[in-house]
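Source file: query.pdb. Holds: PDB, C-alpha atoms.
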```
ATOM      1  CA  MET A1185     -16.696 140.772   8.191
ATOM      2  CA  SER A1186     -20.366 141.711   8.002
ATOM      3  CA  ARG A1187     -21.898 144.453  10.095
ATOM      4  CA  GLN A1188     -25.270 145.105  11.639
ATOM      5  CA  SER A1189     -26.889 148.367  10.628
ATOM      6  CA  THR A1190     -28.197 149.084  14.137
ATOM      7  CA  PRO A1191     -26.078 150.383  17.047
ATOM      8  CA  THR A1192     -24.284 147.594  18.897
ATOM      9  CA  THR A1193     -25.509 148.134  22.427
ATOM     10  CA  THR A1194     -26.941 145.833  25.065
ATOM     11  CA  PRO A1195     -29.150 146.615  28.058
ATOM     12  CA  VAL A1196     -27.268 147.529  31.234
ATOM     13  CA  GLY A1197     -26.433 144.431  33.247
ATOM     14  CA  SER A1198     -27.134 141.995  30.406
ATOM     15  CA  PRO A1199     -24.579 139.966  28.433
ATOM     16  CA  ALA A1200     -22.337 141.867  26.015
ATOM     17  CA  GLY A1201     -23.502 139.755  23.086
ATOM     18  CA  VAL A1202     -24.643 136.376  21.801
ATOM     19  CA  VAL A1203     -22.646 133.762  19.880
ATOM     20  CA  TRP A1204     -24.725 131.357  17.813
ATOM     21  CA  ASP A1205     -24.015 127.884  16.549
ATOM     22  CA  LEU A1206     -25.527 127.620  13.075
ATOM     23  CA  GLY A1207     -26.374 124.026  12.155
ATOM     24  CA  ASN A1208     -29.685 122.940  13.712
ATOM     25  CA  VAL A1209     -29.846 126.098  15.805
ATOM     26  CA  LEU A1210     -30.381 128.680  13.057
ATOM     27  CA  VAL A1211     -29.914 126.637   9.869
ATOM     28  CA  ASP A1212     -31.881 123.407   9.424
ATOM     29  CA  TRP A1213     -29.082 121.035   8.370
ATOM     30  CA  GLN A1214     -30.157 117.599   7.136
ATOM     31  CA  PRO A1215     -27.193 115.655   5.695
ATOM     32  CA  ARG A1216     -29.493 112.785   4.736
ATOM     33  CA  LEU A1217     -31.054 114.984   2.045
ATOM     34  CA  ALA A1218     -27.709 115.593   0.351
ATOM     35  CA  ILE A1219     -26.695 111.950   0.504
ATOM     36  CA  ALA A1220     -30.087 110.829  -0.787
ATOM     37  CA  ALA A1221     -29.752 113.219  -3.729
ATOM     38  CA  GLY A1222     -26.802 111.106  -4.854
ATOM     39  CA  VAL A1223     -27.625 107.543  -3.840
ATOM     40  CA  GLY A1224     -31.331 107.521  -2.992
ATOM     41  CA  GLU A1225     -33.280 107.604   0.257
ATOM     42  CA  GLU A1226     -32.862 103.935   1.159
ATOM     43  CA  GLU A1227     -29.111 103.943   0.642
ATOM     44  CA  ALA A1228     -28.747 107.240   2.529
ATOM     45  CA  ALA A1229     -30.565 105.781   5.527
ATOM     46  CA  ARG A1230     -28.425 102.630   5.390
ATOM     47  CA  PHE A1231     -25.238 104.699   5.226
ATOM     48  CA  LEU A1232     -26.110 106.934   8.171
ATOM     49  CA  ALA A1233     -27.095 103.929  10.301
ATOM     50  CA  ALA A1234     -24.054 101.830   9.371
ATOM     51  CA  ASP A1235     -22.026 100.183  12.128
ATOM     52  CA  ASP A1236     -18.819 100.528  10.122
ATOM     53  CA  PHE A1237     -19.081 104.221   9.238
ATOM     54  CA  ASP A1238     -19.341 107.191  11.585
ATOM     55  CA  PHE A1239     -20.679 110.066   9.499
ATOM     56  CA  HIS A1240     -20.222 112.598  12.295
ATOM     57  CA  ALA A1241     -16.543 111.701  12.630
ATOM     58  CA  TYR A1242     -16.116 111.778   8.840
ATOM     59  CA  ASN A1243     -17.664 115.226   8.582
ATOM     60  CA  HIS A1244     -15.666 116.475  11.565
ATOM     61  CA  GLY A1245     -12.441 116.061   9.570
ATOM     62  CA  PRO A1246     -13.212 118.762   6.974
ATOM     63  CA  ASP A1247     -14.916 120.797   9.708
ATOM     64  CA  SER A1248     -11.510 120.823  11.413
ATOM     65  CA  GLY A1249      -9.642 121.860   8.281
ATOM     66  CA  LEU A1250      -9.035 118.541   6.481
ATOM     67  CA  ASP A1251      -9.305 118.795   2.706
ATOM     68  CA  TRP A1252     -12.410 117.033   1.351
ATOM     69  CA  ASP A1253     -10.337 115.225  -1.287
ATOM     70  CA  GLU A1254      -8.226 113.743   1.499
ATOM     71  CA  ALA A1255     -11.294 112.768   3.506
ATOM     72  CA  GLU A1256     -12.828 110.997   0.524
ATOM     73  CA  ALA A1257      -9.533 109.318  -0.358
ATOM     74  CA  GLU A1258      -9.425 107.835   3.143
ATOM     75  CA  VAL A1259     -12.904 106.389   2.632
ATOM     76  CA  ALA A1260     -11.787 104.941  -0.706
ATOM     77  CA  ARG A1261      -8.845 103.295   1.047
ATOM     78  CA  THR A1262     -10.590 101.956   4.140
ATOM     79  CA  ARG A1263     -14.305 101.553   3.313
ATOM     80  CA  PRO A1264     -14.694 101.701  -0.467
ATOM     81  CA  HIS A1265     -18.221 100.280  -0.281
ATOM     82  CA  TRP A1266     -19.319 103.622   1.222
ATOM     83  CA  LEU A1267     -17.394 105.876  -1.174
ATOM     84  CA  ASP A1268     -20.339 106.844  -3.391
ATOM     85  CA  HIS A1269     -22.382 107.680  -0.301
ATOM     86  CA  ALA A1270     -19.641 109.793   1.224
ATOM     87  CA  ARG A1271     -19.024 111.636  -2.035
ATOM     88  CA  ALA A1272     -22.737 112.308  -2.434
ATOM     89  CA  TYR A1273     -22.788 114.437   0.698
ATOM     90  CA  ARG A1274     -20.173 116.850  -0.617
ATOM     91  CA  ARG A1275     -21.447 116.874  -4.192
ATOM     92  CA  HIS A1276     -25.033 117.587  -3.233
ATOM     93  CA  PHE A1277     -24.379 119.601  -0.088
ATOM     94  CA  PRO A1278     -26.818 122.472  -0.866
ATOM     95  CA  ALA A1279     -29.665 119.945  -0.612
ATOM     96  CA  SER A1280     -28.805 119.478   3.075
ATOM     97  CA  LEU A1281     -29.770 123.093   3.825
ATOM     98  CA  ALA A1282     -33.470 122.695   4.544
ATOM     99  CA  GLY A1283     -34.294 126.255   5.615
ATOM    100  CA  GLU A1284     -34.335 128.132   8.902
ATOM    101  CA  VAL A1285     -34.888 126.438  12.242
ATOM    102  CA  PRO A1286     -38.399 127.549  13.286
ATOM    103  CA  GLY A1287     -38.352 130.584  15.540
ATOM    104  CA  SER A1288     -34.620 130.866  16.057
ATOM    105  CA  VAL A1289     -33.825 133.384  13.364
ATOM    106  CA  ASP A1290     -36.750 135.463  14.626
ATOM    107  CA  LEU A1291     -34.819 135.791  17.891
ATOM    108  CA  VAL A1292     -31.724 136.863  15.985
ATOM    109  CA  ARG A1293     -33.738 139.495  14.126
ATOM    110  CA  GLU A1294     -35.233 140.826  17.354
ATOM    111  CA  LEU A1295     -31.835 141.067  19.013
ATOM    112  CA  ALA A1296     -30.306 142.723  15.947
ATOM    113  CA  ALA A1297     -33.105 145.290  15.878
ATOM    114  CA  ALA A1298     -32.366 146.068  19.535
ATOM    115  CA  GLY A1299     -28.663 146.533  18.763
ATOM    116  CA  VAL A1300     -27.364 143.440  20.542
ATOM    117  CA  PRO A1301     -24.004 142.353  19.037
ATOM    118  CA  MET A1302     -24.019 138.797  17.683
ATOM    119  CA  TRP A1303     -21.567 136.400  16.084
ATOM    120  CA  GLY A1304     -21.633 132.889  14.669
ATOM    121  CA  LEU A1305     -19.453 129.950  15.700
ATOM    122  CA  THR A1306     -19.945 126.998  13.405
ATOM    123  CA  ASN A1307     -18.395 123.629  12.716
ATOM    124  CA  TRP A1308     -18.460 123.864   8.923
ATOM    125  CA  SER A1309     -15.859 123.122   6.268
ATOM    126  CA  ALA A1310     -14.281 126.088   4.515
ATOM    127  CA  GLU A1311     -15.206 124.657   1.111
ATOM    128  CA  LEU A1312     -18.903 124.194   1.876
ATOM    129  CA  PHE A1313     -19.617 127.234   4.043
ATOM    130  CA  PRO A1314     -20.186 129.569   1.051
ATOM    131  CA  HIS A1315     -23.295 127.501   0.261
ATOM    132  CA  GLY A1316     -24.634 128.336   3.708
ATOM    133  CA  ARG A1317     -23.926 132.022   3.234
ATOM    134  CA  ALA A1318     -25.663 132.044  -0.131
ATOM    135  CA  ALA A1319     -28.730 130.229   1.174
ATOM    136  CA  HIS A1320     -29.034 132.329   4.330
ATOM    137  CA  PRO A1321     -28.322 136.043   3.766
ATOM    138  CA  PHE A1322     -29.168 136.793   7.406
ATOM    139  CA  LEU A1323     -25.739 135.420   8.354
ATOM    140  CA  ASP A1324     -24.128 138.475   6.789
ATOM    141  CA  GLU A1325     -26.959 140.880   7.480
ATOM    142  CA  LEU A1326     -27.436 140.208  11.204
ATOM    143  CA  LEU A1327     -24.169 138.757  12.513
ATOM    144  CA  LEU A1328     -21.017 140.816  12.945
ATOM    145  CA  ASP A1329     -18.783 137.887  11.996
ATOM    146  CA  VAL A1330     -18.839 134.101  11.745
ATOM    147  CA  VAL A1331     -16.012 131.933  13.060
ATOM    148  CA  VAL A1332     -15.900 128.970  10.660
ATOM    149  CA  SER A1333     -14.033 125.992  12.078
ATOM    150  CA  GLY A1334     -12.787 124.763   8.711
ATOM    151  CA  GLU A1335     -11.148 128.136   8.059
ATOM    152  CA  GLU A1336      -9.519 128.124  11.499
ATOM    153  CA  GLY A1337      -8.339 124.505  11.414
ATOM    154  CA  VAL A1338      -9.981 123.710  14.741
ATOM    155  CA  ALA A1339     -13.552 122.728  15.589
ATOM    156  CA  LYS A1340     -15.820 122.557  18.606
ATOM    157  CA  PRO A1341     -15.525 121.140  21.213
ATOM    158  CA  ASP A1342     -11.768 121.815  21.064
ATOM    159  CA  PRO A1343     -11.101 124.585  23.620
ATOM    160  CA  ALA A1344      -8.873 126.399  21.115
ATOM    161  CA  ILE A1345     -11.908 127.472  19.057
ATOM    162  CA  PHE A1346     -13.188 129.569  21.947
ATOM    163  CA  GLU A1347      -9.922 131.482  22.077
ATOM    164  CA  VAL A1348     -10.576 132.343  18.422
ATOM    165  CA  VAL A1349     -13.995 133.649  19.479
ATOM    166  CA  ARG A1350     -12.407 135.792  22.182
ATOM    167  CA  ARG A1351     -10.010 137.334  19.675
ATOM    168  CA  ARG A1352     -12.597 137.889  16.967
ATOM    169  CA  THR A1353     -15.225 139.428  19.237
ATOM    170  CA  GLY A1354     -12.726 141.415  21.292
ATOM    171  CA  LEU A1355     -14.744 140.580  24.407
ATOM    172  CA  PRO A1356     -14.095 138.428  27.489
ATOM    173  CA  LEU A1357     -15.794 135.073  27.064
ATOM    174  CA  HIS A1358     -17.654 135.372  30.368
ATOM    175  CA  THR A1359     -19.600 138.332  28.947
ATOM    176  CA  LEU A1360     -20.996 136.302  26.032
ATOM    177  CA  VAL A1361     -23.964 133.947  25.779
ATOM    178  CA  PHE A1362     -23.341 130.905  23.576
ATOM    179  CA  VAL A1363     -26.115 128.770  22.044
ATOM    180  CA  ASP A1364     -25.503 125.275  20.621
ATOM    181  CA  ASP A1365     -27.578 122.136  20.097
ATOM    182  CA  ARG A1366     -24.816 119.689  21.100
ATOM    183  CA  ALA A1367     -24.202 118.996  24.774
ATOM    184  CA  ASP A1368     -20.465 118.414  24.260
ATOM    185  CA  ASN A1369     -20.059 121.831  22.638
ATOM    186  CA  VAL A1370     -22.085 123.495  25.376
ATOM    187  CA  ALA A1371     -19.925 121.828  28.034
ATOM    188  CA  ALA A1372     -16.752 123.003  26.275
ATOM    189  CA  ALA A1373     -18.034 126.572  26.002
ATOM    190  CA  ASP A1374     -19.020 126.536  29.655
ATOM    191  CA  ALA A1375     -15.539 125.318  30.601
ATOM    192  CA  ALA A1376     -14.092 128.194  28.546
ATOM    193  CA  GLY A1377     -16.116 130.644  30.638
ATOM    194  CA  MET A1378     -19.075 131.399  28.371
ATOM    195  CA  ASP A1379     -22.694 131.453  29.503
ATOM    196  CA  ALA A1380     -23.533 128.379  27.441
ATOM    197  CA  LEU A1381     -27.094 127.323  26.609
ATOM    198  CA  LEU A1382     -28.208 123.996  25.159
ATOM    199  CA  PHE A1383     -30.672 124.671  22.344
ATOM    200  CA  THR A1384     -33.795 122.531  22.256
ATOM    201  CA  ASP A1385     -36.362 124.887  20.711
ATOM    202  CA  ALA A1386     -36.888 128.585  20.110
ATOM    203  CA  HIS A1387     -39.551 128.961  22.818
ATOM    204  CA  ARG A1388     -37.249 127.666  25.547
ATOM    205  CA  LEU A1389     -34.381 129.746  24.209
ATOM    206  CA  ARG A1390     -36.499 132.900  24.258
ATOM    207  CA  VAL A1391     -37.164 132.309  27.966
ATOM    208  CA  ASP A1392     -33.462 131.683  28.647
ATOM    209  CA  LEU A1393     -32.380 134.837  26.818
ATOM    210  CA  ARG A1394     -35.035 136.954  28.482
ATOM    211  CA  GLU A1395     -33.924 135.693  31.904
ATOM    212  CA  ARG A1396     -30.493 137.108  31.063
ATOM    213  CA  GLY A1397     -31.905 140.540  30.367
ATOM    214  CA  LEU A1398     -31.788 140.325  26.588
ATOM    215  CA  PRO A1399     -34.596 142.100  24.682
ATOM    216  CA  VAL A1400     -36.605 139.263  23.134
TER     217      VAL A1400
END
```

Please re-express this file's structure in C-alpha cells.
Amino acid sequence: MSRQSTPTTTPVGSPAGVVWDLGNVLVDWQPRLAIAAGVGEEEAARFLAADDFDFHAYNHGPDSGLDWDEAEAEVARTRPHWLDHARAYRRHFPASLAGEVPGSVDLVRELAAAGVPMWGLTNWSAELFPHGRAAHPFLDELLLDVVVSGEEGVAKPDPAIFEVVRRRTGLPLHTLVFVDDRADNVAAADAAGMDALLFTDAHRLRVDLRERGLPV
C-alpha cells in the first residue's frame, strides 16, 4: 500500500475522502492504440466496430479475474478470425496508456497537498496493472491504495467491489466521494451509498468537488 506524505485530514463537514476510477478519469486509456500496434490502424478500427465481437465484454473478463490465456483461448475457439486482434491488445498494452487525462491529476495533486485521503478503484486486470503503475508514478505517490478488480476477482459495477472499498479504506461508503466516467459504475456506487459523480471533464469535476467542501 502506498502512502501520501501529507497528513490525511479533510475540512470539517466535507467528505472523508475521494475514490477515483483510473481509466479515462486519471489515465488516458486508448485500447485502439495497443491493438493497432499489432494489426494496424485499419484492422484495429474494424475490430472495435465489429458486430460479432464485444471488446468491452472481452476485456471485462480479465478485469474480473479471468486469466488472459483463457480469454484468448475462448476467442480462438469461438471467433478465430479476431484472435490476432485480441492478442494484440494484451501484447502491446503499454501503447494504450496515452498519458494523463487533462486536468484530472492536477485535482488529485491539489487534494493530496491539502491532506485529503484518496484511493483508486479500477477495472484492470492483475496482469496488466503493473504497466499502469510504471507509467503513472502518481498512483503510488498520491493514492493511499488502489483496489484492482482483477486482483479481487470482481469488477464494477458488481456491488461486491464496493464492499472491498469499504474494507480497504476503513470508512463508511457514505462518507466517500466516488468519481467514474461510466454511468453504470456511478449508478452502482450510488446504490452502495457513495456520493458518486459522473466524470465528463476536469473543469466540471472541480466545481462538483468544491461544492462538497473539498479544497480544489

Choose the residue, out of A:Thr1359, A:Met1302, A:Arg1394, A:Pro1341, that has the smallest atom-to-atom separation from A:Ala1375; count all atoms listed in the file.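 Under the stated criterion, the closest residue is A:Pro1341.
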
So the first atom is atom CA of A:Phe1322 and the second is atom CA of A:Arg1293; what is the distance between them in Å, to one decimal place?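 Between these atoms lies a distance of 8.6 Å.
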
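With all atoms listed in the file as the atoms that count, the residue of A:Val1259, A:Ala1376, A:Val1223, A:Val1330 with the shortest distance to A:Ala1344 is A:Ala1376.
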
Please enumerate the residues selected by the PyMOL selection byres ((chain A and resi 1199-1211) around 6) when evaluated against the supplied file, formatted as number ranges by chain. A: 1198, 1212-1213, 1284-1285, 1288-1289, 1300-1306, 1359-1364

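With distances restricted to all atoms listed in the file, A:Val1349 is the closest residue to A:Val1331 from A:Ala1319, A:Val1349, A:Val1400, A:Ala1241.
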
Could you list, as a PyMOL selection string, every residue matched by the PyMOL selection byres ((chain A and resi 1316) around 10) in this structure? chain A and resi 1206-1207+1211+1213+1277-1278+1280-1281+1308+1312-1315+1317-1321+1323

Would you please work out which residue, of A:Pro1356, A:Pro1399, A:Gly1337, A:Gly1377, is nearest to A:Ala1296 when using all atoms listed in the file?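 Of the candidates, the smallest distance to A:Ala1296 is held by A:Pro1399.
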
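Residues in contact range of A:Val1338, defined as at most 8 Å between only C-alpha atoms, with sequence neighbours fewer than 3 positions away removed, read A:Asp1247, A:Ser1248, A:Gly1249, A:Ser1333, A:Gly1334, A:Asp1342, A:Ala1344, A:Ile1345.
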
Here is a test: counting only C-alpha atoms, which residue of A:Ala1371, A:Glu1225, A:Leu1291, A:Arg1216 is nearest to A:Phe1239?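 Going through A:Ala1371, A:Glu1225, A:Leu1291, A:Arg1216 one by one, the smallest distance to A:Phe1239 is for A:Arg1216.
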
Selection under test: the PyMOL selection byres ((chain A and resi 1268) around 12); residues as a PDB file with C-alpha atoms, keeping the file's coordinate frame:
```pdb
ATOM      1  CA  ILE A1219     -26.695 111.950   0.504  1.00  0.00           C
ATOM      2  CA  ALA A1220     -30.087 110.829  -0.787  1.00  0.00           C
ATOM      3  CA  ALA A1221     -29.752 113.219  -3.729  1.00  0.00           C
ATOM      4  CA  GLY A1222     -26.802 111.106  -4.854  1.00  0.00           C
ATOM      5  CA  VAL A1223     -27.625 107.543  -3.840  1.00  0.00           C
ATOM      6  CA  GLY A1224     -31.331 107.521  -2.992  1.00  0.00           C
ATOM      7  CA  GLU A1227     -29.111 103.943   0.642  1.00  0.00           C
ATOM      8  CA  ALA A1228     -28.747 107.240   2.529  1.00  0.00           C
ATOM      9  CA  PHE A1231     -25.238 104.699   5.226  1.00  0.00           C
ATOM     10  CA  GLU A1256     -12.828 110.997   0.524  1.00  0.00           C
ATOM     11  CA  ALA A1257      -9.533 109.318  -0.358  1.00  0.00           C
ATOM     12  CA  VAL A1259     -12.904 106.389   2.632  1.00  0.00           C
ATOM     13  CA  ALA A1260     -11.787 104.941  -0.706  1.00  0.00           C
ATOM     14  CA  ARG A1263     -14.305 101.553   3.313  1.00  0.00           C
ATOM     15  CA  PRO A1264     -14.694 101.701  -0.467  1.00  0.00           C
ATOM     16  CA  HIS A1265     -18.221 100.280  -0.281  1.00  0.00           C
ATOM     17  CA  TRP A1266     -19.319 103.622   1.222  1.00  0.00           C
ATOM     18  CA  LEU A1267     -17.394 105.876  -1.174  1.00  0.00           C
ATOM     19  CA  HIS A1269     -22.382 107.680  -0.301  1.00  0.00           C
ATOM     20  CA  ALA A1270     -19.641 109.793   1.224  1.00  0.00           C
ATOM     21  CA  ARG A1271     -19.024 111.636  -2.035  1.00  0.00           C
ATOM     22  CA  ALA A1272     -22.737 112.308  -2.434  1.00  0.00           C
ATOM     23  CA  TYR A1273     -22.788 114.437   0.698  1.00  0.00           C
ATOM     24  CA  ARG A1274     -20.173 116.850  -0.617  1.00  0.00           C
ATOM     25  CA  ARG A1275     -21.447 116.874  -4.192  1.00  0.00           C
ATOM     26  CA  HIS A1276     -25.033 117.587  -3.233  1.00  0.00           C
TER      27      HIS A1276
END
```

Can you put N, CA and C atoms back into stretch 1222-1256 of chain A and show it as an mmCIF file, in the coordinates of the input?
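See selection_11.cif below for the written result:
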```
data_model
loop_
_atom_site.group_PDB
_atom_site.id
_atom_site.type_symbol
_atom_site.label_atom_id
_atom_site.label_comp_id
_atom_site.auth_asym_id
_atom_site.auth_seq_id
_atom_site.Cartn_x
_atom_site.Cartn_y
_atom_site.Cartn_z
ATOM 1 N N GLY A 1222 -27.777 111.830 -4.051
ATOM 2 C CA GLY A 1222 -26.802 111.106 -4.854
ATOM 3 C C GLY A 1222 -27.038 109.619 -4.958
ATOM 4 N N VAL A 1223 -27.527 109.015 -3.859
ATOM 5 C CA VAL A 1223 -27.625 107.543 -3.840
ATOM 6 C C VAL A 1223 -29.026 107.037 -3.519
ATOM 7 N N GLY A 1224 -29.966 107.939 -3.289
ATOM 8 C CA GLY A 1224 -31.331 107.521 -2.992
ATOM 9 C C GLY A 1224 -31.601 107.455 -1.495
ATOM 10 N N GLU A 1225 -32.873 107.557 -1.150
ATOM 11 C CA GLU A 1225 -33.280 107.604 0.257
ATOM 12 C C GLU A 1225 -32.892 106.344 1.028
ATOM 13 N N GLU A 1226 -33.134 105.191 0.448
ATOM 14 C CA GLU A 1226 -32.862 103.935 1.159
ATOM 15 C C GLU A 1226 -31.378 103.775 1.439
ATOM 16 N N GLU A 1227 -30.553 104.063 0.456
ATOM 17 C CA GLU A 1227 -29.111 103.943 0.642
ATOM 18 C C GLU A 1227 -28.585 105.000 1.621
ATOM 19 N N ALA A 1228 -29.163 106.198 1.590
ATOM 20 C CA ALA A 1228 -28.747 107.240 2.529
ATOM 21 C C ALA A 1228 -29.034 106.810 3.966
ATOM 22 N N ALA A 1229 -30.211 106.244 4.184
ATOM 23 C CA ALA A 1229 -30.565 105.781 5.527
ATOM 24 C C ALA A 1229 -29.645 104.653 5.969
ATOM 25 N N ARG A 1230 -29.319 103.748 5.052
ATOM 26 C CA ARG A 1230 -28.425 102.630 5.390
ATOM 27 C C ARG A 1230 -27.033 103.131 5.746
ATOM 28 N N PHE A 1231 -26.555 104.115 4.997
ATOM 29 C CA PHE A 1231 -25.238 104.699 5.226
ATOM 30 C C PHE A 1231 -25.155 105.378 6.594
ATOM 31 N N LEU A 1232 -26.151 106.182 6.919
ATOM 32 C CA LEU A 1232 -26.110 106.934 8.171
ATOM 33 C C LEU A 1232 -26.310 106.046 9.387
ATOM 34 N N ALA A 1233 -26.891 104.864 9.195
ATOM 35 C CA ALA A 1233 -27.095 103.929 10.301
ATOM 36 C C ALA A 1233 -26.020 102.851 10.373
ATOM 37 N N ALA A 1234 -25.047 102.905 9.478
ATOM 38 C CA ALA A 1234 -24.054 101.830 9.371
ATOM 39 C C ALA A 1234 -23.201 101.692 10.628
ATOM 40 N N ASP A 1235 -22.904 100.454 10.992
ATOM 41 C CA ASP A 1235 -22.026 100.183 12.128
ATOM 42 C C ASP A 1235 -20.568 100.452 11.791
ATOM 43 N N ASP A 1236 -20.220 100.405 10.517
ATOM 44 C CA ASP A 1236 -18.819 100.528 10.122
ATOM 45 C C ASP A 1236 -18.490 101.888 9.513
ATOM 46 N N PHE A 1237 -19.373 102.869 9.720
ATOM 47 C CA PHE A 1237 -19.081 104.221 9.238
ATOM 48 C C PHE A 1237 -19.709 105.221 10.187
ATOM 49 N N ASP A 1238 -18.876 106.141 10.680
ATOM 50 C CA ASP A 1238 -19.341 107.191 11.585
ATOM 51 C C ASP A 1238 -19.386 108.494 10.786
ATOM 52 N N PHE A 1239 -20.573 108.872 10.329
ATOM 53 C CA PHE A 1239 -20.679 110.066 9.499
ATOM 54 C C PHE A 1239 -20.244 111.317 10.253
ATOM 55 N N HIS A 1240 -20.604 111.415 11.519
ATOM 56 C CA HIS A 1240 -20.222 112.598 12.295
ATOM 57 C C HIS A 1240 -18.702 112.746 12.341
ATOM 58 N N ALA A 1241 -18.005 111.641 12.580
ATOM 59 C CA ALA A 1241 -16.543 111.701 12.630
ATOM 60 C C ALA A 1241 -15.969 112.043 11.258
ATOM 61 N N TYR A 1242 -16.561 111.480 10.216
ATOM 62 C CA TYR A 1242 -16.116 111.778 8.840
ATOM 63 C C TYR A 1242 -16.264 113.263 8.533
ATOM 64 N N ASN A 1243 -17.399 113.819 8.856
ATOM 65 C CA ASN A 1243 -17.664 115.226 8.582
ATOM 66 C C ASN A 1243 -16.812 116.142 9.457
ATOM 67 N N HIS A 1244 -16.458 115.663 10.645
ATOM 68 C CA HIS A 1244 -15.666 116.475 11.565
ATOM 69 C C HIS A 1244 -14.262 116.743 11.012
ATOM 70 N N GLY A 1245 -13.772 115.847 10.155
ATOM 71 C CA GLY A 1245 -12.441 116.061 9.570
ATOM 72 C C GLY A 1245 -12.372 117.348 8.762
ATOM 73 N N PRO A 1246 -13.192 117.496 7.709
ATOM 74 C CA PRO A 1246 -13.212 118.762 6.974
ATOM 75 C C PRO A 1246 -13.655 119.951 7.826
ATOM 76 N N ASP A 1247 -14.538 119.712 8.792
ATOM 77 C CA ASP A 1247 -14.916 120.797 9.708
ATOM 78 C C ASP A 1247 -13.702 121.314 10.477
ATOM 79 N N SER A 1248 -12.720 120.447 10.674
ATOM 80 C CA SER A 1248 -11.510 120.823 11.413
ATOM 81 C C SER A 1248 -10.378 121.275 10.503
ATOM 82 N N GLY A 1249 -10.649 121.357 9.208
ATOM 83 C CA GLY A 1249 -9.642 121.860 8.281
ATOM 84 C C GLY A 1249 -9.100 120.847 7.296
ATOM 85 N N LEU A 1250 -9.482 119.565 7.427
ATOM 86 C CA LEU A 1250 -9.035 118.541 6.481
ATOM 87 C C LEU A 1250 -9.631 118.804 5.105
ATOM 88 N N ASP A 1251 -8.822 118.630 4.068
ATOM 89 C CA ASP A 1251 -9.305 118.795 2.706
ATOM 90 C C ASP A 1251 -10.301 117.675 2.374
ATOM 91 N N TRP A 1252 -11.395 118.034 1.681
ATOM 92 C CA TRP A 1252 -12.410 117.033 1.351
ATOM 93 C C TRP A 1252 -11.848 115.922 0.465
ATOM 94 N N ASP A 1253 -10.931 116.267 -0.446
ATOM 95 C CA ASP A 1253 -10.337 115.225 -1.287
ATOM 96 C C ASP A 1253 -9.620 114.190 -0.427
ATOM 97 N N GLU A 1254 -8.921 114.670 0.599
ATOM 98 C CA GLU A 1254 -8.226 113.743 1.499
ATOM 99 C C GLU A 1254 -9.212 112.898 2.290
ATOM 100 N N ALA A 1255 -10.292 113.515 2.752
ATOM 101 C CA ALA A 1255 -11.294 112.768 3.506
ATOM 102 C C ALA A 1255 -11.911 111.665 2.655
ATOM 103 N N GLU A 1256 -12.236 111.989 1.406
ATOM 104 C CA GLU A 1256 -12.828 110.997 0.524
ATOM 105 C C GLU A 1256 -11.826 109.920 0.125
#
```
